[in-house]
>>> print(open('model.cif').read())   # mmCIF, C-alpha atoms and all ligand atoms
data_data
#
loop_
_atom_site.label_atom_id
_atom_site.label_comp_id
_atom_site.auth_asym_id
_atom_site.auth_seq_id
_atom_site.Cartn_x
_atom_site.Cartn_y
_atom_site.Cartn_z
CA PRO A 1 8.65 107.51 167.87
CA PRO A 2 12.12 107.23 166.29
CA HIS A 3 13.10 104.33 168.55
CA PRO A 4 10.96 101.37 169.53
CA ARG A 5 10.20 101.06 173.24
CA ILE A 6 9.89 97.54 174.54
CA LEU A 7 8.76 95.98 177.78
CA GLY A 8 10.83 92.93 178.78
CA ILE A 9 9.60 90.33 181.26
CA GLU A 10 11.80 87.65 182.88
CA SER A 11 11.13 84.85 185.40
CA SER A 12 13.10 81.85 184.13
CA CYS A 13 14.73 81.00 187.45
CA ASP A 14 14.37 82.76 190.80
CA ASP A 15 14.26 86.49 189.95
CA THR A 16 11.05 88.25 188.91
CA ALA A 17 12.02 91.14 186.65
CA ALA A 18 10.60 93.63 184.16
CA ALA A 19 12.05 96.65 182.38
CA VAL A 20 11.31 99.13 179.61
CA VAL A 21 14.18 99.85 177.20
CA ALA A 22 14.29 102.16 174.16
CA GLY A 23 16.00 101.47 170.84
CA ASP A 24 18.74 104.05 171.55
CA GLY A 25 19.82 101.89 174.50
CA SER A 26 18.31 104.01 177.24
CA ILE A 27 16.79 102.16 180.19
CA LEU A 28 13.45 103.78 180.97
CA SER A 29 12.69 101.55 183.95
CA GLU A 30 14.08 98.53 185.75
CA VAL A 31 12.30 96.49 188.44
CA ILE A 32 13.51 93.25 190.06
CA ARG A 33 12.48 91.08 193.02
CA HIS A 34 15.09 88.64 194.32
CA GLN A 35 14.34 85.48 196.30
CA HIS A 36 17.69 84.88 198.02
CA LYS A 37 16.23 85.04 201.54
CA ILE A 38 13.55 82.53 200.59
CA HIS A 39 15.90 79.89 199.13
CA GLU A 40 18.94 80.22 201.40
CA PRO A 41 17.66 77.79 204.08
CA SER A 42 17.49 74.95 201.51
CA GLY A 43 20.89 75.88 200.01
CA GLY A 44 19.52 76.07 196.46
CA ILE A 45 16.50 77.14 194.43
CA VAL A 46 13.33 75.15 195.12
CA PRO A 47 11.39 75.28 191.81
CA GLY A 48 7.84 75.15 193.22
CA ILE A 49 8.55 77.89 195.72
CA ALA A 50 10.26 80.06 193.09
CA ALA A 51 7.18 79.83 190.85
CA GLU A 52 4.83 80.60 193.73
CA HIS A 53 6.69 83.86 194.37
CA HIS A 54 6.74 84.75 190.68
CA LEU A 55 2.95 84.37 190.71
CA ILE A 56 2.69 86.71 193.68
CA ASN A 57 5.22 89.29 192.43
CA MET A 58 4.68 89.41 188.67
CA PRO A 59 1.67 91.79 188.49
CA GLY A 60 3.38 94.36 190.75
CA VAL A 61 6.74 94.07 188.98
CA VAL A 62 5.24 94.58 185.51
CA SER A 63 2.95 97.43 186.48
CA GLN A 64 5.80 99.19 188.34
CA ALA A 65 8.09 98.85 185.31
CA ILE A 66 5.50 100.55 183.11
CA GLU A 67 4.74 103.25 185.70
CA GLN A 68 8.40 104.09 186.36
CA SER A 69 9.09 104.40 182.63
CA GLY A 70 6.75 107.40 182.51
CA LEU A 71 4.90 105.70 179.64
CA THR A 72 1.55 104.00 179.44
CA ILE A 73 1.07 100.54 177.95
CA GLU A 74 -0.22 102.28 174.80
CA ASP A 75 3.26 103.81 174.22
CA ILE A 76 4.98 100.40 174.32
CA ASP A 77 5.78 99.00 170.86
CA ALA A 78 6.16 95.33 171.75
CA ILE A 79 6.34 92.89 174.66
CA ALA A 80 9.42 90.70 174.96
CA VAL A 81 9.59 87.73 177.29
CA THR A 82 11.96 84.93 178.26
CA ARG A 83 10.58 81.88 176.46
CA GLY A 84 13.28 79.51 177.73
CA PRO A 85 15.40 77.71 178.73
CA GLY A 86 14.73 77.61 182.47
CA LEU A 87 12.58 76.09 185.19
CA PRO A 88 9.19 75.12 183.67
CA ALA A 89 7.02 76.43 186.50
CA SER A 90 8.96 79.71 186.57
CA LEU A 91 8.84 80.14 182.77
CA SER A 92 5.10 79.54 182.68
CA VAL A 93 4.56 82.64 184.83
CA CYS A 94 6.43 85.11 182.60
CA ILE A 95 5.23 83.62 179.31
CA ASN A 96 1.60 83.75 180.39
CA ALA A 97 1.90 87.28 181.73
CA ALA A 98 3.47 88.46 178.44
CA LYS A 99 1.09 86.59 176.14
CA THR A 100 -1.98 87.89 177.93
CA LEU A 101 -0.71 91.47 178.03
CA ALA A 102 0.25 91.35 174.34
CA ALA A 103 -3.01 89.75 173.23
CA VAL A 104 -5.19 92.21 175.19
CA THR A 105 -3.30 95.27 173.94
CA LYS A 106 -2.75 93.80 170.43
CA LYS A 107 1.02 94.46 170.68
CA PRO A 108 3.64 92.29 168.96
CA LEU A 109 4.99 89.47 171.14
CA ILE A 110 8.69 88.55 171.07
CA GLY A 111 9.82 85.28 172.66
CA VAL A 112 13.46 85.56 173.70
CA HIS A 113 16.06 82.86 174.34
CA HIS A 114 17.46 83.63 177.80
CA MET A 115 21.08 83.02 176.69
CA GLU A 116 20.63 85.16 173.58
CA ALA A 117 19.60 87.96 175.90
CA HIS A 118 22.73 87.49 178.04
CA ALA A 119 24.82 87.55 174.83
CA LEU A 120 23.29 90.70 173.33
CA THR A 121 23.09 92.91 176.46
CA VAL A 122 26.45 94.62 175.79
CA ARG A 123 25.17 96.03 172.47
CA MET A 124 22.73 98.19 174.39
CA SER A 125 25.52 100.53 175.56
CA SER A 126 28.52 99.84 173.29
CA SER A 127 28.76 99.23 169.58
CA VAL A 128 30.05 95.66 169.56
CA PRO A 129 29.93 94.54 165.91
CA PHE A 130 29.13 91.02 164.70
CA PRO A 131 30.74 88.56 164.69
CA PHE A 132 31.99 88.30 168.25
CA VAL A 133 33.12 85.46 170.49
CA CYS A 134 30.93 85.03 173.55
CA LEU A 135 31.40 83.19 176.83
CA LEU A 136 28.17 82.68 178.76
CA ILE A 137 28.69 81.63 182.35
CA SER A 138 25.60 81.36 184.53
CA GLY A 139 23.81 79.07 186.94
CA GLY A 140 22.10 77.12 184.18
CA HIS A 141 24.73 77.20 181.42
CA THR A 142 28.40 77.37 180.57
CA MET A 143 29.07 77.82 176.86
CA SER A 144 31.29 79.49 174.31
CA LEU A 145 29.71 80.76 171.10
CA LEU A 146 30.45 82.53 167.90
CA VAL A 147 27.73 85.17 167.58
CA ARG A 148 27.38 85.92 163.85
CA ASP A 149 24.21 87.98 164.09
CA VAL A 150 20.93 88.24 166.01
CA ASN A 151 19.38 84.77 165.83
CA ASP A 152 22.57 83.31 164.28
CA TYR A 153 24.81 81.50 166.74
CA LYS A 154 27.43 78.81 166.43
CA LEU A 155 27.96 76.82 169.61
CA LEU A 156 31.66 76.16 170.18
CA GLY A 157 31.86 74.51 173.60
CA SER A 158 29.46 73.70 176.42
CA THR A 159 29.56 71.94 179.75
CA ARG A 160 29.41 68.17 179.94
CA ASP A 161 27.97 68.20 183.46
CA ASP A 162 27.55 71.10 185.93
CA SER A 163 27.60 74.77 184.97
CA VAL A 164 30.29 76.97 186.52
CA GLY A 165 27.62 78.85 188.52
CA GLU A 166 26.32 75.58 189.92
CA ALA A 167 29.87 74.66 190.96
CA PHE A 168 30.27 78.00 192.79
CA ASP A 169 26.90 77.45 194.48
CA LYS A 170 27.66 73.86 195.52
CA VAL A 171 31.12 74.69 196.85
CA ALA A 172 29.64 77.65 198.78
CA ARG A 173 27.16 75.22 200.27
CA MET A 174 29.87 72.66 201.19
CA LEU A 175 31.88 75.39 202.90
CA LYS A 176 28.68 76.64 204.61
CA ILE A 177 29.25 80.22 203.46
CA PRO A 178 26.32 82.50 204.35
CA TRP A 179 24.66 84.01 201.24
CA LEU A 180 24.71 87.70 200.41
CA HIS A 181 21.29 89.29 199.95
CA GLY A 182 19.64 91.72 197.56
CA ARG A 183 21.32 92.98 194.40
CA GLY A 184 24.48 90.94 193.75
CA GLY A 185 23.31 88.37 196.31
CA GLY A 186 23.31 84.58 196.49
CA PRO A 187 26.03 81.98 197.14
CA GLY A 188 28.39 82.84 194.24
CA PRO A 189 29.09 86.43 195.33
CA ALA A 190 29.49 85.21 198.93
CA LEU A 191 32.19 82.77 197.81
CA GLU A 192 33.91 85.53 195.83
CA GLN A 193 34.01 87.76 198.93
CA LEU A 194 35.42 85.00 201.14
CA ALA A 195 38.05 84.09 198.52
CA LEU A 196 39.48 87.61 198.85
CA LYS A 197 40.82 86.56 202.27
CA GLY A 198 42.19 83.22 201.08
CA ASP A 199 45.36 81.76 199.59
CA PRO A 200 44.66 80.20 196.15
CA ASP A 201 47.82 78.05 196.40
CA ARG A 202 46.89 76.38 199.66
CA TYR A 203 44.92 73.46 198.14
CA GLN A 204 45.95 71.75 194.90
CA LEU A 205 42.88 71.06 192.74
CA PRO A 206 42.89 69.35 189.34
CA VAL A 207 42.21 71.59 186.32
CA PRO A 208 39.27 69.87 184.55
CA MET A 209 39.60 68.54 180.97
CA SER A 210 43.35 69.14 180.81
CA LYS A 211 44.57 65.55 180.26
CA ARG A 212 45.63 64.12 176.93
CA ASP A 213 42.20 62.66 176.00
CA THR A 214 40.17 65.77 176.82
CA GLY A 215 42.76 68.55 176.58
CA GLN A 216 41.90 69.50 173.00
CA SER A 217 38.13 69.55 173.59
CA LEU A 218 36.32 72.90 173.67
CA ASP A 219 33.94 71.60 176.33
CA PHE A 220 33.80 72.43 180.02
CA SER A 221 33.33 70.20 183.05
CA PHE A 222 32.92 71.17 186.68
CA SER A 223 31.69 68.09 188.54
CA GLY A 224 35.19 66.65 189.08
CA LEU A 225 36.40 69.93 190.55
CA LYS A 226 33.43 70.00 192.90
CA THR A 227 34.18 66.39 193.97
CA ALA A 228 37.83 67.27 194.59
CA VAL A 229 36.73 70.02 196.98
CA ALA A 230 34.36 67.59 198.74
CA LYS A 231 37.24 65.12 199.20
CA TYR A 232 39.39 67.70 201.02
CA ILE A 233 36.47 68.41 203.34
CA ASP A 234 35.74 64.70 203.94
CA LEU A 235 39.40 64.04 204.74
CA GLY A 236 39.31 66.83 207.32
CA GLN A 237 41.95 68.86 205.48
CA VAL A 238 39.49 71.74 205.33
CA SER A 239 38.00 72.37 208.73
CA LEU A 240 34.59 74.05 208.41
CA GLU A 241 35.25 75.57 211.84
CA SER A 242 38.27 77.44 210.49
CA GLU A 243 37.45 80.58 208.54
CA GLN A 244 40.98 80.58 207.10
CA ASP A 245 40.64 77.00 205.78
CA CYS A 246 37.31 77.91 204.15
CA ALA A 247 38.71 81.12 202.65
CA ASP A 248 41.77 79.23 201.32
CA MET A 249 39.54 76.57 199.74
CA ALA A 250 37.21 79.23 198.28
CA ALA A 251 40.24 80.95 196.74
CA SER A 252 41.77 77.67 195.48
CA PHE A 253 38.46 76.58 193.93
CA GLN A 254 37.85 79.96 192.30
CA TYR A 255 41.41 80.06 190.95
CA THR A 256 41.10 76.60 189.36
CA ALA A 257 37.60 77.18 187.98
CA ILE A 258 38.78 80.36 186.25
CA LYS A 259 41.91 78.61 184.97
CA HIS A 260 39.65 76.02 183.30
CA LEU A 261 37.37 78.74 181.85
CA CYS A 262 40.37 80.61 180.40
CA SER A 263 41.97 77.47 178.97
CA LYS A 264 38.82 76.35 177.12
CA LEU A 265 38.04 79.91 176.08
CA SER A 266 41.47 80.16 174.40
CA LYS A 267 40.61 77.07 172.38
CA ALA A 268 37.18 78.47 171.46
CA ILE A 269 38.73 81.73 170.22
CA ALA A 270 41.19 79.78 168.08
CA ALA A 271 38.32 77.67 166.70
CA ALA A 272 36.26 80.78 165.90
CA LYS A 273 39.17 82.20 163.92
CA ASP A 274 39.61 78.81 162.20
CA VAL A 275 36.10 78.86 160.72
CA GLY A 276 37.12 81.97 158.83
CA SER A 277 35.48 84.62 160.93
CA SER A 278 37.41 87.56 162.30
CA PRO A 279 35.89 88.59 165.61
CA THR A 280 37.28 91.69 167.28
CA ALA A 281 35.56 91.38 170.64
CA LEU A 282 35.04 88.85 173.38
CA VAL A 283 31.73 89.26 175.23
CA VAL A 284 31.39 87.63 178.64
CA SER A 285 28.05 87.59 180.44
CA GLY A 286 25.80 85.54 182.74
CA GLY A 287 25.82 85.69 186.54
CA VAL A 288 29.41 84.45 187.01
CA ALA A 289 30.65 87.29 184.77
CA SER A 290 29.89 89.68 187.62
CA ASN A 291 32.86 88.09 189.47
CA GLN A 292 35.81 90.51 189.47
CA GLN A 293 38.50 87.79 189.35
CA VAL A 294 36.72 86.19 186.39
CA ARG A 295 36.65 89.52 184.55
CA LEU A 296 40.30 90.24 185.30
CA ARG A 297 41.73 86.91 184.20
CA ILE A 298 39.46 86.48 181.18
CA GLY A 299 40.53 89.99 180.17
CA ASP A 300 44.12 88.73 180.04
CA THR A 301 43.09 85.82 177.81
CA ALA A 302 41.18 88.16 175.51
CA SER A 303 44.12 90.51 175.06
CA LYS A 304 46.45 87.56 174.39
CA TYR A 305 44.29 86.90 171.32
CA GLY A 306 43.92 90.54 170.35
CA LEU A 307 40.26 90.70 171.34
CA LEU A 308 38.63 93.51 173.26
CA LEU A 309 36.82 92.22 176.37
CA VAL A 310 33.31 93.64 176.77
CA CYS A 311 31.11 92.76 179.75
CA PRO A 312 27.78 94.22 180.84
CA PRO A 313 27.92 96.07 184.17
CA PRO A 314 27.77 93.43 186.96
CA HIS A 315 24.07 93.94 187.76
CA LEU A 316 23.18 93.30 184.10
CA CYS A 317 25.29 90.10 184.02
CA THR A 318 22.91 88.37 186.43
CA ASP A 319 19.30 87.80 185.38
CA ASN A 320 17.27 90.96 184.79
CA GLY A 321 14.46 92.41 182.70
CA VAL A 322 16.62 94.91 180.83
CA MET A 323 18.45 92.19 178.89
CA ILE A 324 15.14 90.68 177.76
CA ALA A 325 13.81 94.07 176.66
CA TRP A 326 17.05 94.77 174.76
CA ALA A 327 17.00 91.36 173.02
CA GLY A 328 13.42 92.31 172.16
CA ILE A 329 14.67 95.51 170.50
CA GLU A 330 17.22 93.54 168.45
CA ARG A 331 14.57 91.05 167.30
CA PHE A 332 11.98 93.79 166.69
CA ARG A 333 14.39 95.42 164.22
CA LYS A 334 14.63 92.12 162.33
CA GLY A 335 10.87 91.62 162.34
CA LEU A 336 11.18 88.49 164.49
CA PHE A 337 7.77 88.24 166.16
CA ASP A 338 5.86 85.32 167.66
CA PRO A 339 2.18 84.33 167.77
CA TYR A 340 0.20 84.65 171.02
CA THR A 341 0.02 80.86 171.19
CA ILE A 342 3.71 80.15 171.87
CA GLU A 343 4.63 77.95 174.82
CA PHE A 344 7.71 78.07 176.99
CA ARG A 345 10.68 75.85 176.16
CA GLN A 346 12.36 74.26 179.17
CA ARG A 347 15.24 73.06 176.99
CA TRP A 348 16.09 75.09 173.95
CA GLN A 349 19.21 75.05 171.79
CA LEU A 350 20.45 78.47 170.77
O1 LIG A 401 22.71 84.45 184.91
P1 LIG A 401 22.25 84.11 186.29
O2 LIG A 401 21.78 85.24 187.16
O3 LIG A 401 21.09 83.06 186.26
C1 LIG A 401 21.06 82.00 185.33
O4 LIG A 401 20.66 82.22 184.18
O5 LIG A 401 21.49 80.90 185.77
O6 LIG A 401 23.45 83.33 187.00
C2 LIG A 401 23.33 82.91 188.33
C3 LIG A 401 24.59 82.17 188.73
C4 LIG A 401 24.50 81.56 190.11
O7 LIG A 401 25.08 80.28 190.09
C5 LIG A 401 25.29 82.53 190.96
O8 LIG A 401 25.80 81.99 192.14
C6 LIG A 401 26.39 82.90 190.00
O9 LIG A 401 25.71 83.07 188.76
N1 LIG A 401 27.06 84.15 190.39
C7 LIG A 401 28.36 84.24 190.73
C8 LIG A 401 28.58 85.61 191.08
N2 LIG A 401 27.41 86.27 190.92
C9 LIG A 401 26.49 85.37 190.50
N3 LIG A 401 29.33 83.33 190.78
C10 LIG A 401 30.56 83.74 191.15
N4 LIG A 401 30.85 85.00 191.51
C11 LIG A 401 29.90 85.97 191.49
N5 LIG A 401 30.19 87.23 191.85
ZN ZN A 402 20.78 83.97 183.27
#
>>> encode(input="model.cif", output="structure tokens", more="lines below")
Ligand code: KG4
Ligand code: ZN
Amino acid sequence: PPHPRILGIESSCDDTAAAVVAGDGSILSEVIRHQHKIHEPSGGIVPGIAAEHHLINMPGVVSQAIEQSGLTIEDIDAIAVTRGPGLPASLSVCINAAKTLAAVTKKPLIGVHHMEAHALTVRMSSSVPFPFVCLLISGGHTMSLLVRDVNDYKLLGSTRDDSVGEAFDKVARMLKIPWLHGRGGGPGPALEQLALKGDPDRYQLPVPMSKRDTGQSLDFSFSGLKTAVAKYIDLGQVSLESEQDCADMAASFQYTAIKHLCSKLSKAIAAAKDVGSSPTALVVSGGVASNQQVRLRIGDTASKYGLLLVCPPPHLCTDNGVMIAWAGIERFRKGLFDPYTIEFRQRWQL
């Protein structure tokens, strides 16, 4: 066939996903099982339980993805899988599924870095040329990068403590916001919805890393912001009984978190231009990039620097199999294959 067709398998955190994507960027199938209902009672993802459900769901998810693509396994050119970073027990499920499938069918195996997949997704449907500046904002990571090519990344800034997604999740938990379920579910989207009804000026929160000693750094930090929210609640200035108080705090937190993202992103863009590269686009992806306020305000920052903002559609910003299959296509074209003996990598620098 003129275009390779690749099966992508993902289970690095709490979603079990598989998809078949073709080299021309068409999505032939897309299957995902969420676990929001399972983890909501504990307020966060319980690793052992996440892995248990991946073990149960993986065979059905993979076989459905192949079936719905209208292809058979014989028609698939390679199998791509999230190799890391992520939760070890979760990663072991997808890596073993992919290795076994590839070894039995004698197909090439492609181990994909989860964040590389988030970064490359946009190239599936628009022609974003290298180099580009990239902001990856998810539950596990918060980083700015210069993407020079497939497999060639320069890290500009990263978080010193919590990720921005974690901060959204923890603040949602402190404010006892019920999660949304299904596609676009979880605590982050629930906080975004509540913030729509709130006043972002009601509570004054400190913008992280803005003082003299840290102001020039490209890094992010979210634990202080989270603590500042907790203090308001402890002092009784946010009553959890009052929906308006909670909405105002959700809006104030979201406003400040985005202000911090935009401020450090500006510095990263300047740094990328300083190292002599001339990016024309800013790519923003990862779960938090499905937030409309984030997209809007980061868009303003991008245009201030003459960059075109490109984001995947919201459902491809959060974890999915399509992004792994697409990263597989990009690596396939470069001949970047892996042996059937690879192991997952819990921690893995891009
Ligand atoms: O990329 P992702 O699906 O998984 C990781 O690789 O971590 O990101 C999940 C994170 C979670 O913290 C989730 O609450 C957050 O992204 N998130 C959001 C929104 N949608 C997902 N945060 C804020 N607003 C949203 N709309
Ligand atoms: Zn992710």
>>> closest_residue(input="model.cif", among="A:Ala80, A:Met209, A:Ile32, A:Leu309", to="Lys264 (chain A)", atoms="all atoms listed in the file")
A:Met209
>>> atom_distance(input="model.cif", atom1="CA of Val275 (chain A)", atom2="CA of Leu146 (chain A)")
9.8 Å
>>> closest_atom_pairs(input="model.cif", of="region 183-262 of chain A", to="region 169-173 of chain A", cutoff="7 Å", atoms="all atoms listed in the file", output="CSV")
residue,atom,partner,partner_atom,distance
A:Pro187,CA,A:Asp169,CA,5.3
A:Gly188,CA,A:Asp169,CA,5.6
A:Leu191,CA,A:Ala172,CA,5.8
A:Lys226,CA,A:Val171,CA,6.6
>>> residues_near_ligand(input="model.cif", ligand="ligand LIG 401 (chain A)", cutoff="6 Å", atoms="only C-alpha atoms and all ligand atoms", output="PyMOL selection string")
chain A and resi 138-140+165-166+168-169+186-189+192+286-288+290-291+318-319
>>> residues_around(input="model.cif", residues="Gly306 (chain A)", least_positions_apart="2", cutoff="12 Å", atoms="only C-alpha atoms", output="list of chain:residue names")
A:Val133, A:Ser266, A:Ile269, A:Ala270, A:Lys273, A:Ser278, A:Pro279, A:Thr280, A:Ala281, A:Leu282, A:Gly299, A:Asp300, A:Thr301, A:Ala302, A:Ser303, A:Lys304, A:Leu308, A:Leu309
>>> residues_near_ligand(input="model.cif", ligand="ligand ZN 402 (chain A)", cutoff="12 Å", atoms="all atoms listed in the file", output="CSV table (one decimal) with C-alpha atoms, in the frame of the given file")
chain,number,residue,atom,x,y,z
A,10,GLU,CA,11.8,87.6,182.9
A,11,SER,CA,11.1,84.8,185.4
A,12,SER,CA,13.1,81.8,184.1
A,13,CYS,CA,14.7,81.0,187.4
A,14,ASP,CA,14.4,82.8,190.8
A,15,ASP,CA,14.3,86.5,190.0
A,17,ALA,CA,12.0,91.1,186.6
A,82,THR,CA,12.0,84.9,178.3
A,84,GLY,CA,13.3,79.5,177.7
A,85,PRO,CA,15.4,77.7,178.7
A,86,GLY,CA,14.7,77.6,182.5
A,87,LEU,CA,12.6,76.1,185.2
A,113,HIS,CA,16.1,82.9,174.3
A,114,HIS,CA,17.5,83.6,177.8
A,115,MET,CA,21.1,83.0,176.7
A,116,GLU,CA,20.6,85.2,173.6
A,117,ALA,CA,19.6,88.0,175.9
A,118,HIS,CA,22.7,87.5,178.0
A,119,ALA,CA,24.8,87.6,174.8
A,121,THR,CA,23.1,92.9,176.5
A,136,LEU,CA,28.2,82.7,178.8
A,137,ILE,CA,28.7,81.6,182.4
A,138,SER,CA,25.6,81.4,184.5
A,139,GLY,CA,23.8,79.1,186.9
A,140,GLY,CA,22.1,77.1,184.2
A,141,HIS,CA,24.7,77.2,181.4
A,142,THR,CA,28.4,77.4,180.6
A,163,SER,CA,27.6,74.8,185.0
A,165,GLY,CA,27.6,78.8,188.5
A,285,SER,CA,28.0,87.6,180.4
A,286,GLY,CA,25.8,85.5,182.7
A,287,GLY,CA,25.8,85.7,186.5
A,288,VAL,CA,29.4,84.4,187.0
A,289,ALA,CA,30.6,87.3,184.8
A,290,SER,CA,29.9,89.7,187.6
A,315,HIS,CA,24.1,93.9,187.8
A,316,LEU,CA,23.2,93.3,184.1
A,317,CYS,CA,25.3,90.1,184.0
A,318,THR,CA,22.9,88.4,186.4
A,319,ASP,CA,19.3,87.8,185.4
A,320,ASN,CA,17.3,91.0,184.8
A,321,GLY,CA,14.5,92.4,182.7
A,322,VAL,CA,16.6,94.9,180.8
A,323,MET,CA,18.4,92.2,178.9
A,324,ILE,CA,15.1,90.7,177.8
>>> closest_residue(input="model.cif", among="A:Leu218, A:Cys134, A:Leu265, A:Ile76", to="Gly157 (chain A)", atoms="all atoms listed in the file")
A:Leu218
>>> residues_around(input="model.cif", residues="Leu175 (chain A)", least_positions_apart="3", cutoff="12 Å", atoms="all atoms listed in the file", output="PyMOL selection string")
chain A and resi 43+168-172+178-179+187-188+190-191+194-195+226+229-230+232-234+238-251+253
>>> closest_residue(input="model.cif", among="A:Ser125, A:Gln293, A:Gln35, A:Thr72", to="Trp326 (chain A)", atoms="only C-alpha atoms")
A:Ser125
>>> atom_distance(input="model.cif", atom1="CA of His39 (chain A)", atom2="CA of Lys259 (chain A)")
29.6 Å
>>> closest_residue(input="model.cif", among="A:Ile66, A:Gln254, A:Leu261, A:Cys311", to="Gln204 (chain A)", atoms="all atoms listed in the file")
A:Gln254
>>> closest_residue(input="model.cif", among="A:Lys211, A:His54, A:Arg33, A:Lys267", to="Leu145 (chain A)", atoms="all atoms listed in the file")
A:Lys267
>>> axis_aligned_box(input="model.cif", around="region 125-135 of chain A", padding_each_side="5 Å", output="lines of an AutoDock Vina configuration file")
center_x = 29.3
center_y = 91.9
center_z = 170.8
size_x = 17.6
size_y = 27.3
size_z = 22.1
>>> atom_distance(input="model.cif", atom1="CA of Val20 (chain A)", atom2="CA of Leu7 (chain A)")
4.4 Å
>>> decode(input="model.cif", residues="region 43-78 of chain A", atoms="C-alpha atoms", output="PDB file, in the first residue's frame")
ATOM      1  CA  GLY A  43     -10.227  11.169  44.201  1.00  0.00           C
ATOM      2  CA  GLY A  44      -7.267  10.070  42.061  1.00  0.00           C
ATOM      3  CA  ILE A  45      -5.911   7.169  40.039  1.00  0.00           C
ATOM      4  CA  VAL A  46      -5.098   4.046  42.055  1.00  0.00           C
ATOM      5  CA  PRO A  47      -2.255   2.362  40.107  1.00  0.00           C
ATOM      6  CA  GLY A  48      -3.038  -1.282  40.981  1.00  0.00           C
ATOM      7  CA  ILE A  49      -6.694  -0.888  40.086  1.00  0.00           C
ATOM      8  CA  ALA A  50      -5.859   0.921  36.832  1.00  0.00           C
ATOM      9  CA  ALA A  51      -3.604  -1.968  35.763  1.00  0.00           C
ATOM     10  CA  GLU A  52      -6.212  -4.560  36.710  1.00  0.00           C
ATOM     11  CA  HIS A  53      -8.709  -2.904  34.367  1.00  0.00           C
ATOM     12  CA  HIS A  54      -6.146  -2.614  31.574  1.00  0.00           C
ATOM     13  CA  LEU A  55      -5.620  -6.376  31.889  1.00  0.00           C
ATOM     14  CA  ILE A  56      -9.352  -6.965  31.590  1.00  0.00           C
ATOM     15  CA  ASN A  57      -9.976  -4.467  28.762  1.00  0.00           C
ATOM     16  CA  MET A  58      -6.874  -4.724  26.570  1.00  0.00           C
ATOM     17  CA  PRO A  59      -7.772  -7.817  24.482  1.00  0.00           C
ATOM     18  CA  GLY A  60     -11.213  -6.403  23.603  1.00  0.00           C
ATOM     19  CA  VAL A  61      -9.889  -2.907  22.879  1.00  0.00           C
ATOM     20  CA  VAL A  62      -7.159  -4.153  20.522  1.00  0.00           C
ATOM     21  CA  SER A  63      -9.339  -6.644  18.677  1.00  0.00           C
ATOM     22  CA  GLN A  64     -12.105  -4.021  18.257  1.00  0.00           C
ATOM     23  CA  ALA A  65      -9.615  -1.499  16.871  1.00  0.00           C
ATOM     24  CA  ILE A  66      -8.498  -3.987  14.227  1.00  0.00           C
ATOM     25  CA  GLU A  67     -12.071  -5.055  13.414  1.00  0.00           C
ATOM     26  CA  GLN A  68     -13.407  -1.505  13.097  1.00  0.00           C
ATOM     27  CA  SER A  69     -10.552  -0.546  10.776  1.00  0.00           C
ATOM     28  CA  GLY A  70     -11.899  -2.998   8.194  1.00  0.00           C
ATOM     29  CA  LEU A  71      -8.418  -4.547   8.008  1.00  0.00           C
ATOM     30  CA  THR A  72      -7.014  -7.792   9.298  1.00  0.00           C
ATOM     31  CA  ILE A  73      -3.831  -8.004  11.348  1.00  0.00           C
ATOM     32  CA  GLU A  74      -2.065  -9.121   8.148  1.00  0.00           C
ATOM     33  CA  ASP A  75      -2.734  -5.684   6.570  1.00  0.00           C
ATOM     34  CA  ILE A  76      -1.090  -3.821   9.472  1.00  0.00           C
ATOM     35  CA  ASP A  77       2.481  -2.696   8.726  1.00  0.00           C
ATOM     36  CA  ALA A  78       3.738  -2.222  12.275  1.00  0.00           C
TER      37      ALA A  78
END
